[in-house]
Amino acid sequence: MKTIMRPLAVAIPLALTIHYAQAEDDATLQTITINSTRSTLDPDLPSTSITKTQEELRQQQNIFNPEDALRNLPSMTIRKRYSGDRNALVGGRSFSTTQAPRALVYMDGYLLSNFLGRFDAPRWNMIAPEEMTRVEVLYGPYSALYPGNAIGTSIAVTTSRPTAFSGAVRIAGQDQSYDQYGVSDHFRNYQASALLADKLPSGLWYKLMVNHQDATSQPMGYYAATPVTGGGAATPVTGIAYDTGPFGTRRAIMGANTGAIDHTIQNTAKVTLGYDFSPTISTEAMLAWWSNDSTTRNQTFLRDAAGNAVWSGRVTDGINVFNIPTSAFAPYTREERHALLGFSAKTRNKAGWNASVTVSAYRILDDVQRNATVADPLAASGGAGSAVVRDGSGFQSLDASTSNAAGDHALTFGLHADTYQLKQSTRATADWRNANGTETQYVGGETRILALYGQDAWHFTQQWHLVMGLRAESWQASSGTQRVVPGASVDYPRRNDHAWSPKLSLAWDMDAQTTLRMSAGRGTRFATVAELFQGTAAGSSITVNDPDLKPERSTALELSAEQRYALGSLRASLFQDDVRDTIWSQLNLNVFPNVTNVQNVGRVRTRGLELVGQIDRLGIPGLSAEANIAFSKSTILENANYLPSVGKNWSRVPRVRSASTLIYAPSDRWSLAASYRYSGPQFNEINNTDYNTDVYGGVSRVSQLDVRLLLKPVKGTEVSLGVDNLNNNKAYQLHPYPGRTLFAEVRYAF
């Protein structure tokens, strides 16, 4: 009950305040609603959407990386483990942060969603926080304009476009105080970015962006051991920390391992060129480049009688004996070089037909992870290891559409195509610091989707609005192969599938302030390259994924009501997402011996209620607030291969999720904001046996308070000071989240 009452204590008073403030002052302020701006999305959206502008984000949040802009939005989870995290995954109303292919992310229409690996996050690194002007989120598979991956969430980030000569410089820093298992430390992050742009009288415009960040994470993982029996001498040590793990069993923590502390240096450079042939025809081309050089280190808690660090071997604390393998504290390094190329053209006729085309290609130029097999002190001198190379992998996309908004009908027809290619080689190396070696495993393959869609937005009366859509998709998987050297080799047959996804939405404007909407949609999410072809290699054998893997098919419903006031707005949404054949890695109890691989879960249904509110004035001028809270129940209804999961909660979808922000801006010169974010405890295992959630290795509740002070001492200059996780809440999504983090930022724009 406490987990529900805590966020309700914020959300309900806000709703009541908006209602009664309306009666007190019916028309003193301009209406500002949380989802009123839709300039970069379809103007006839058939479902709920949320928008945040650059000005709102700068006033309300400490933003170090682009994905930070999403963390307080309704029914959203951003698994950003630390600043500079390359795997900041998205979770939504009905899907977890480990279901990456259910979230679409676009930057100015260019696809950033990386579906090459099962847990690969969107390529946020192609965006600098300084250039973001708008972030928009669309929920569910209700629009025919978006691919099947939109069965979860679609995110559109708009960056700046110049109207005159302009530029900006931004410097930001963080200092994190972190304490876990009695070991305290500070981890610091720095970021600098610059923009320079201009629009020339000829119609040509350009924008140059560079961004540099240097960040160090808190420990991401810890080595847990269980006692052993038997003879043999053991080194007496101190420093072992005991606790209880997610499954309720006692464990001994020896230190931070698996490359726990990540020092990442990242650089992004982008050039965008545009040309306006006329007021109605424009083109744009963009080239972005990103690099990452990541070096990890580990941290042992163990000390012998002389105070020396102990990294491996047979040890005892006088109570228990443990065997620590030489690889337990092995570090790794990673070097990445990626490029994104994009082109778009569009018309903006005031009447008649308009057209647009967007093409993009994302290429992994170099990606090498070098893994040691011994602990940090020995690894510094080399030694055998392995390397994982993904050079040449990438994805491409094409979107073309034409639309006509004449009369009562707004028609849209379009074509979409995307291709994903994975090339991943694992090598055994004589010196882990060098990636050259003999190939021991290879995974590769390609998926393609071709889609046609149509949508009709029909205003058949002044108050009634009907949106009908249909999307037809054809999917193909080819060139799938996996081999282990020496050992087995699997060549997967070519596969083809198709899907029809109808959409329907009916909205009724009861009056100028009230809108009711019912939306229904079906969406199909096809399997990715890794889900199809990356089986489990053990020794010289391969356990393949389900060769008959089916696509995920979502049937979704939403009923929403929005009330707009002079002082703000309120929205309530009831939603249901019924997904057949969820793609998931699980234990198959129907075969012998039992195997764990990627399979279909028969049926998972999520039902929920989402409340969103905003008020422009709370009693005194300059004081405003916004809040959201979502209640959801995600249940496994069918799972023939793993019956112990039936009736249990789906992975990483919290029962309660909320965010509330209070802003005090008495003048244009300064403002103060405080945001409280809450998420209830969750299960990572679909049989729900990991009940002890608020520990390392669990998926815990989140209860964090962020504050931000924004100062504008002179025109064009902003100085910000803030604290994220002011209450130093310890939270986990298997990995620990950051502790209390000080934030400082200076920005100058002209």
# chains A, B, ... in the order shown; residues from 1 in each chain; ligands from 1

$ residues_around --residues "A:Thr296" --least-positions-apart "5" --cutoff "8 Å" --atoms "only C-alpha atoms" --output "list of chain:residue names"
A:Gly259, A:Ala260, A:Ile261, A:Asp262, A:His263, A:Pro331, A:Tyr332, A:Thr333

$ select_by_dssp --residues "stretch 389-423 of chain A" --states "strand (DSSP E)" --output "PyMOL selection string"
chain A and resi 389+394-404+409-423

$ write_last_selection --atoms "C-alpha atoms" --output "short mmCIF file (atom, residue, chain, number, x, y, z; two decimals), in the first residue's frame"
data_model
loop_
_atom_site.label_atom_id
_atom_site.label_comp_id
_atom_site.auth_asym_id
_atom_site.auth_seq_id
_atom_site.Cartn_x
_atom_site.Cartn_y
_atom_site.Cartn_z
CA VAL A 389 34.60 -7.55 -33.52
CA GLY A 394 24.73 -1.56 -39.57
CA PHE A 395 21.23 -0.64 -40.66
CA GLN A 396 19.51 1.47 -43.32
CA SER A 397 16.02 2.93 -43.60
CA LEU A 398 13.81 4.63 -46.17
CA ASP A 399 10.54 6.48 -45.55
CA ALA A 400 8.54 8.11 -48.34
CA SER A 401 5.05 9.55 -48.03
CA THR A 402 2.55 11.79 -49.73
CA SER A 403 -0.35 13.57 -48.07
CA ASN A 404 -3.30 15.80 -48.89
CA HIS A 409 -10.21 14.38 -45.19
CA ALA A 410 -6.47 14.28 -44.57
CA LEU A 411 -5.03 11.43 -46.62
CA THR A 412 -1.57 9.95 -46.18
CA PHE A 413 0.05 7.16 -48.17
CA GLY A 414 3.58 5.92 -47.70
CA LEU A 415 6.31 3.36 -48.06
CA HIS A 416 8.83 2.19 -45.48
CA ALA A 417 11.87 -0.07 -45.82
CA ASP A 418 14.65 -1.01 -43.44
CA THR A 419 17.54 -3.46 -43.45
CA TYR A 420 19.70 -4.68 -40.54
CA GLN A 421 22.98 -6.55 -41.06
CA LEU A 422 24.94 -8.18 -38.24
CA LYS A 423 28.56 -9.35 -38.57
#

$ closest_residue --among "A:Pro129, A:Gly173, A:Gly523, A:Gly722" --to "A:Val210" --atoms "only C-alpha atoms"
A:Pro129

$ residues_around --residues "A:Ile171" --least-positions-apart "3" --cutoff "6 Å" --atoms "only C-alpha atoms" --output "PDB file with all heavy atoms, in the first residue's frame"
ATOM      1  N   GLN A 191      31.494  17.276 -19.883  1.00  0.00           N
ATOM      2  CA  GLN A 191      30.992  17.325 -21.254  1.00  0.00           C
ATOM      3  C   GLN A 191      31.082  18.753 -21.780  1.00  0.00           C
ATOM      4  O   GLN A 191      30.804  19.720 -21.051  1.00  0.00           O
ATOM      5  CB  GLN A 191      29.547  16.841 -21.321  1.00  0.00           C
ATOM      6  CG  GLN A 191      29.016  16.717 -22.737  1.00  0.00           C
ATOM      7  CD  GLN A 191      27.595  16.177 -22.777  1.00  0.00           C
ATOM      8  OE1 GLN A 191      26.673  16.916 -23.069  1.00  0.00           O
ATOM      9  NE2 GLN A 191      27.424  14.900 -22.479  1.00  0.00           N
ATOM     10  N   ALA A 192      31.466  18.871 -23.051  1.00  0.00           N
ATOM     11  CA  ALA A 192      31.510  20.178 -23.710  1.00  0.00           C
ATOM     12  C   ALA A 192      30.954  20.018 -25.118  1.00  0.00           C
ATOM     13  O   ALA A 192      31.207  19.007 -25.786  1.00  0.00           O
ATOM     14  CB  ALA A 192      32.934  20.717 -23.760  1.00  0.00           C
ATOM     15  N   GLU A 745      26.445  23.507 -14.932  1.00  0.00           N
ATOM     16  CA  GLU A 745      26.386  23.725 -16.367  1.00  0.00           C
ATOM     17  C   GLU A 745      26.479  25.214 -16.665  1.00  0.00           C
ATOM     18  O   GLU A 745      25.869  26.046 -15.972  1.00  0.00           O
ATOM     19  CB  GLU A 745      25.070  23.157 -16.896  1.00  0.00           C
ATOM     20  CG  GLU A 745      24.813  23.327 -18.370  1.00  0.00           C
ATOM     21  CD  GLU A 745      23.438  22.809 -18.758  1.00  0.00           C
ATOM     22  OE1 GLU A 745      22.462  23.091 -18.014  1.00  0.00           O
ATOM     23  OE2 GLU A 745      23.327  22.124 -19.779  1.00  0.00           O
ATOM     24  N   VAL A 746      27.236  25.548 -17.701  1.00  0.00           N
ATOM     25  CA  VAL A 746      27.329  26.925 -18.188  1.00  0.00           C
ATOM     26  C   VAL A 746      27.071  26.889 -19.691  1.00  0.00           C
ATOM     27  O   VAL A 746      27.648  26.063 -20.411  1.00  0.00           O
ATOM     28  CB  VAL A 746      28.705  27.545 -17.899  1.00  0.00           C
ATOM     29  CG1 VAL A 746      28.783  28.951 -18.490  1.00  0.00           C
ATOM     30  CG2 VAL A 746      28.984  27.578 -16.411  1.00  0.00           C
TER      31      VAL A 746
END

$ closest_residue --among "A:Leu89, A:Val315, A:Leu287, A:Met209" --to "A:Pro227" --atoms "only C-alpha atoms"
A:Val315

$ residues_around --residues "A:Trp650" --least-positions-apart "2" --cutoff "6 Å" --atoms "only C-alpha atoms" --output "PDB file with C-alpha atoms, in the first residue's frame"
ATOM      1  CA  SER A 634       1.230  -6.986 -16.878  1.00  0.00           C
ATOM      2  CA  THR A 635       0.403 -10.694 -16.669  1.00  0.00           C
ATOM      3  CA  ILE A 686       9.229 -14.341 -15.372  1.00  0.00           C
TER       4      ILE A 686
END

$ closest_residue --among "A:Leu450, A:Leu726, A:Val105, A:Val485" --to "A:Thr426" --atoms "only C-alpha atoms"
A:Val485
